[in-house]
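Trainee: Mind looking over this structure? Questions follow.
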There are 2 protein chains.
Amino acid sequence: MFSPQPIGHIKSPYQQTKQIPKGPGAKHDAEGVLEILPQFAAGLTDIEGFSHLFVLWVFDRSEGFELLGTPPLDDRPHGVFATRSPRRPNPVGLTIVELLSRDGIRLHVRGVDMLDGTPILDIKPYLSSISAEKLRRGWLAEAEARRNK
Amino acid sequence: MFSPQPIGHIKSPYQQTKQIPKGPGAKHDAEGVLEILPQFAAGLTDIEGFSHLFVLWVFDRSEGFELLGTPPLDDRPHGVFATRSPRRPNPVGLTIVELLSRDGIRLHVRGVDMLDGTPILDIKPYLSSISAEKLRRGWLAEAEARRNK
């Protein structure tokens, strides 16, 4: 395997988990900054050409994992790999953000759902999308339907 | 940080890197199997309701990293965070696959671009997509335009 190292940290408006919008209907339009460590700055070359980025990060304030858990806004348990729970065997989070601008080692982005100070593992360009007609959203679609009854 | 552990391994038709289709126009419709370790089986509960999954995995046959590199099918270097190069500070790969069927701890999927035996770090449901009109693809779009001239 490998030894994870932060390539930078996230500046986010969220200091506590309970401040982060959660669940199917949650809007993630909070702005934040991906602050990359100076030694990795060259890795950002040409990143400003992309409108959206994958950010891989560490749930550094989560402990242990739970294979079955009940997500916010549902009332029944689901497998951890069918949810975005922070309590995962490998506590890695994944967020798609919109890149607003770059200022040296600082990437200003929209769509953060991480806590302030969260370590960043990786950034990748977001390239493709699955069309809405081809996408099935499993228990989430069902939980939404129950809530809207 | 954390100590990465495999939650399973990928069965793929690719034994060598050069067999994997690469570059902007590459089609990833190879089928494969995500074989999850029995101790994590409960984490798969309800996963069959999703049509597409994010798979996080380890570039276990890649060594070191390179902040600037020239991707296949382009002739100029780009920052590692603007590419999907395997030589990353944290060697984690990300692939969106289509879930075809589940057979216990085996997920049959389409769209693998990993080597056979690659360790899996995490699986997450793929929930959203960015519309084509809102997406900019940076140097990739430019490289495609140059190749099509």
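Scheme for the structure tokens: letters A, B, ... for chains in order shown; per-chain residue numbers from 1; ligand numbers from 1 in order shown.
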Identify all chain B residues at most 7 Å from chain A by counting only C-alpha atoms; ligands do not count. Present them as a ChimeraX atom specification.

Mentor: /B:1-5,40,42-47,49-52,60,67-68,78-84,90,121-125,127,129-130,135-139

Trainee: Please list as a VMD selection string every residue within 9 Å of Arg110 (chain B), counting only C-alpha atoms and excluding residues in the same chain fewer than 5 positions away.

Mentor: chain B and resid 28 to 33 97 to 100

Trainee: Can you list every residue in region 72-142 of chain B that DSSP puts in alpha helix (DSSP H), as an mmCIF file with N, CA and C atoms, in the first residue's frame?

Mentor:
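Dumped to selection-v5.cif:
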```cif
data_model
loop_
_atom_site.group_PDB
_atom_site.id
_atom_site.type_symbol
_atom_site.label_atom_id
_atom_site.label_comp_id
_atom_site.auth_asym_id
_atom_site.auth_seq_id
_atom_site.Cartn_x
_atom_site.Cartn_y
_atom_site.Cartn_z
ATOM 1 N N GLY B 138 -10.290 21.781 -20.068
ATOM 2 C CA GLY B 138 -8.908 22.258 -20.045
ATOM 3 C C GLY B 138 -8.029 21.775 -21.187
ATOM 4 N N TRP B 139 -6.805 21.383 -20.825
ATOM 5 C CA TRP B 139 -5.812 20.994 -21.833
ATOM 6 C C TRP B 139 -6.271 19.793 -22.649
ATOM 7 N N LEU B 140 -7.150 18.981 -22.075
ATOM 8 C CA LEU B 140 -7.616 17.801 -22.799
ATOM 9 C C LEU B 140 -8.385 18.182 -24.053
ATOM 10 N N ALA B 141 -9.269 19.181 -23.902
ATOM 11 C CA ALA B 141 -10.036 19.642 -25.054
ATOM 12 C C ALA B 141 -9.089 20.219 -26.106
ATOM 13 N N GLU B 142 -8.066 20.949 -25.633
ATOM 14 C CA GLU B 142 -7.097 21.535 -26.576
ATOM 15 C C GLU B 142 -6.292 20.447 -27.288
#
```

Trainee: Write down as a VMD selection string the residues belonging to chain B that are assigned strand (DSSP E) by DSSP computed on the backbone.

Mentor: chain B and resid 8 to 11 31 to 36 52 to 58 68 to 69 78 to 79 92 to 103 106 to 110 119 to 125

Trainee: Using N, CA and C atoms, can you export the residues from the last selection as a tab-separated table (two decimals), in the first residue's frame?

Mentor:
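Printed below is part26.tsv as written:
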```tsv
chain	number	residue	atom	x	y	z
B	8	GLY	N	-10.63	-5.14	-0.89
B	8	GLY	CA	-10.82	-6.18	-1.89
B	8	GLY	C	-9.85	-5.94	-3.03
B	9	HIS	N	-10.05	-6.68	-4.11
B	9	HIS	CA	-9.15	-6.56	-5.26
B	9	HIS	C	-9.96	-6.61	-6.55
B	10	ILE	N	-9.36	-6.08	-7.61
B	10	ILE	CA	-10.04	-6.01	-8.90
B	10	ILE	C	-9.59	-7.15	-9.82
B	11	LYS	N	-10.57	-7.86	-10.38
B	11	LYS	CA	-10.27	-8.81	-11.45
B	11	LYS	C	-10.49	-8.06	-12.76
B	31	GLU	N	-15.07	-5.26	-19.03
B	31	GLU	CA	-15.76	-5.75	-17.84
B	31	GLU	C	-14.78	-6.35	-16.86
B	32	GLY	N	-15.11	-6.28	-15.60
B	32	GLY	CA	-14.26	-6.82	-14.55
B	32	GLY	C	-15.09	-7.10	-13.32
B	33	VAL	N	-14.41	-7.53	-12.28
B	33	VAL	CA	-15.11	-7.88	-11.03
B	33	VAL	C	-14.41	-7.19	-9.87
B	34	LEU	N	-15.20	-6.57	-9.00
B	34	LEU	CA	-14.67	-6.06	-7.74
B	34	LEU	C	-14.91	-7.15	-6.70
B	35	GLU	N	-13.84	-7.81	-6.26
B	35	GLU	CA	-13.97	-8.89	-5.28
B	35	GLU	C	-13.69	-8.33	-3.90
B	36	ILE	N	-14.73	-8.25	-3.10
B	36	ILE	CA	-14.60	-7.65	-1.77
B	36	ILE	C	-14.22	-8.73	-0.76
B	52	HIS	N	-24.17	3.19	-11.03
B	52	HIS	CA	-22.76	3.55	-11.21
B	52	HIS	C	-22.10	3.72	-9.84
B	53	LEU	N	-20.84	3.37	-9.79
B	53	LEU	CA	-20.09	3.46	-8.54
B	53	LEU	C	-18.76	4.18	-8.77
B	54	PHE	N	-18.33	4.92	-7.75
B	54	PHE	CA	-16.94	5.37	-7.71
B	54	PHE	C	-16.11	4.24	-7.10
B	55	VAL	N	-14.99	3.92	-7.72
B	55	VAL	CA	-14.05	2.98	-7.12
B	55	VAL	C	-12.75	3.73	-6.86
B	56	LEU	N	-12.31	3.73	-5.60
B	56	LEU	CA	-11.00	4.29	-5.25
B	56	LEU	C	-10.05	3.12	-5.08
B	57	TRP	N	-8.90	3.23	-5.69
B	57	TRP	CA	-7.98	2.08	-5.69
B	57	TRP	C	-6.54	2.60	-5.66
B	58	VAL	N	-5.61	1.66	-5.49
B	58	VAL	CA	-4.20	2.03	-5.33
B	58	VAL	C	-3.40	1.67	-6.58
B	68	LEU	N	5.21	17.27	-12.79
B	68	LEU	CA	4.92	17.67	-14.18
B	68	LEU	C	5.18	16.49	-15.08
B	69	GLY	N	4.22	16.15	-15.92
B	69	GLY	CA	4.44	15.02	-16.81
B	69	GLY	C	3.64	15.19	-18.09
B	78	HIS	N	1.90	18.68	-18.25
B	78	HIS	CA	0.86	19.28	-17.41
B	78	HIS	C	1.11	18.89	-15.96
B	79	GLY	N	0.54	19.66	-15.03
B	79	GLY	CA	0.68	19.33	-13.61
B	79	GLY	C	-0.04	18.03	-13.30
B	92	VAL	N	-3.45	7.18	-5.56
B	92	VAL	CA	-4.82	6.69	-5.52
B	92	VAL	C	-5.49	6.95	-6.87
B	93	GLY	N	-6.09	5.91	-7.43
B	93	GLY	CA	-6.83	6.03	-8.67
B	93	GLY	C	-8.31	6.11	-8.39
B	94	LEU	N	-9.04	6.67	-9.34
B	94	LEU	CA	-10.49	6.84	-9.20
B	94	LEU	C	-11.12	6.47	-10.54
B	95	THR	N	-12.06	5.55	-10.50
B	95	THR	CA	-12.74	5.13	-11.72
B	95	THR	C	-14.24	5.06	-11.46
B	96	ILE	N	-15.02	5.54	-12.41
B	96	ILE	CA	-16.47	5.39	-12.33
B	96	ILE	C	-16.84	4.15	-13.15
B	97	VAL	N	-17.45	3.18	-12.52
B	97	VAL	CA	-17.84	1.95	-13.23
B	97	VAL	C	-19.36	1.81	-13.21
B	98	GLU	N	-19.85	1.03	-14.17
B	98	GLU	CA	-21.27	0.70	-14.20
B	98	GLU	C	-21.45	-0.66	-13.50
B	99	LEU	N	-22.35	-0.71	-12.55
B	99	LEU	CA	-22.59	-1.96	-11.82
B	99	LEU	C	-23.56	-2.82	-12.62
B	100	LEU	N	-23.08	-3.97	-13.09
B	100	LEU	CA	-23.91	-4.86	-13.92
B	100	LEU	C	-24.71	-5.82	-13.06
B	101	SER	N	-24.05	-6.42	-12.07
B	101	SER	CA	-24.76	-7.35	-11.18
B	101	SER	C	-23.90	-7.61	-9.95
B	102	ARG	N	-24.56	-8.13	-8.93
B	102	ARG	CA	-23.85	-8.50	-7.71
B	102	ARG	C	-24.06	-9.97	-7.43
B	103	ASP	N	-22.98	-10.63	-7.08
B	103	ASP	CA	-23.03	-12.05	-6.76
B	103	ASP	C	-22.28	-12.19	-5.43
B	106	ARG	N	-18.96	-10.39	-4.91
B	106	ARG	CA	-18.44	-10.03	-6.23
B	106	ARG	C	-19.36	-9.05	-6.94
B	107	LEU	N	-18.79	-7.90	-7.30
B	107	LEU	CA	-19.55	-6.92	-8.08
B	107	LEU	C	-19.04	-6.98	-9.52
B	108	HIS	N	-19.94	-7.36	-10.42
B	108	HIS	CA	-19.58	-7.39	-11.84
B	108	HIS	C	-19.82	-6.00	-12.41
B	109	VAL	N	-18.79	-5.43	-13.00
B	109	VAL	CA	-18.86	-4.03	-13.44
B	109	VAL	C	-18.34	-3.86	-14.85
B	110	ARG	N	-18.72	-2.77	-15.47
B	110	ARG	CA	-18.19	-2.39	-16.78
B	110	ARG	C	-17.44	-1.08	-16.63
B	119	PRO	N	-5.48	-3.37	-5.66
B	119	PRO	CA	-6.20	-3.27	-4.39
B	119	PRO	C	-7.24	-2.16	-4.41
B	120	ILE	N	-8.43	-2.46	-3.88
B	120	ILE	CA	-9.51	-1.47	-3.78
B	120	ILE	C	-9.47	-0.83	-2.39
B	121	LEU	N	-9.57	0.51	-2.37
B	121	LEU	CA	-9.59	1.25	-1.10
B	121	LEU	C	-11.01	1.54	-0.63
B	122	ASP	N	-11.88	1.84	-1.59
B	122	ASP	CA	-13.22	2.29	-1.20
B	122	ASP	C	-14.14	2.19	-2.41
B	123	ILE	N	-15.43	2.07	-2.11
B	123	ILE	CA	-16.48	2.13	-3.12
B	123	ILE	C	-17.52	3.10	-2.59
B	124	LYS	N	-17.99	3.98	-3.47
B	124	LYS	CA	-19.02	4.95	-3.08
B	124	LYS	C	-20.06	5.01	-4.18
B	125	PRO	N	-21.31	5.28	-3.81
B	125	PRO	CA	-22.32	5.44	-4.86
B	125	PRO	C	-22.04	6.71	-5.67
```

Trainee: I'd like to know which of A:Met114, A:Asp75, A:Lys149, A:Ala143 is closest to Ser12 (chain A), using only C-alpha atoms.

Mentor: A:Met114

Trainee: Take CA of Thr118 (chain B) and CA of Thr70 (chain B) and report the distance between them in Å, one decimal.

Mentor: 23.9 Å

Trainee: Could you please determine the separation between CA of Pro21 (chain A) and CA of Asp113 (chain A) in Å, to one decimal place?

Mentor: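 Spanning CA of Pro21 (chain A) to CA of Asp113 (chain A) is a straight-line distance of 7.6 Å.
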
Trainee: Provide the CA of Asp116 (chain B) to CA of Phe65 (chain B) distance in Å, to one decimal place.

Mentor: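 So the answer is 21.7 Å.
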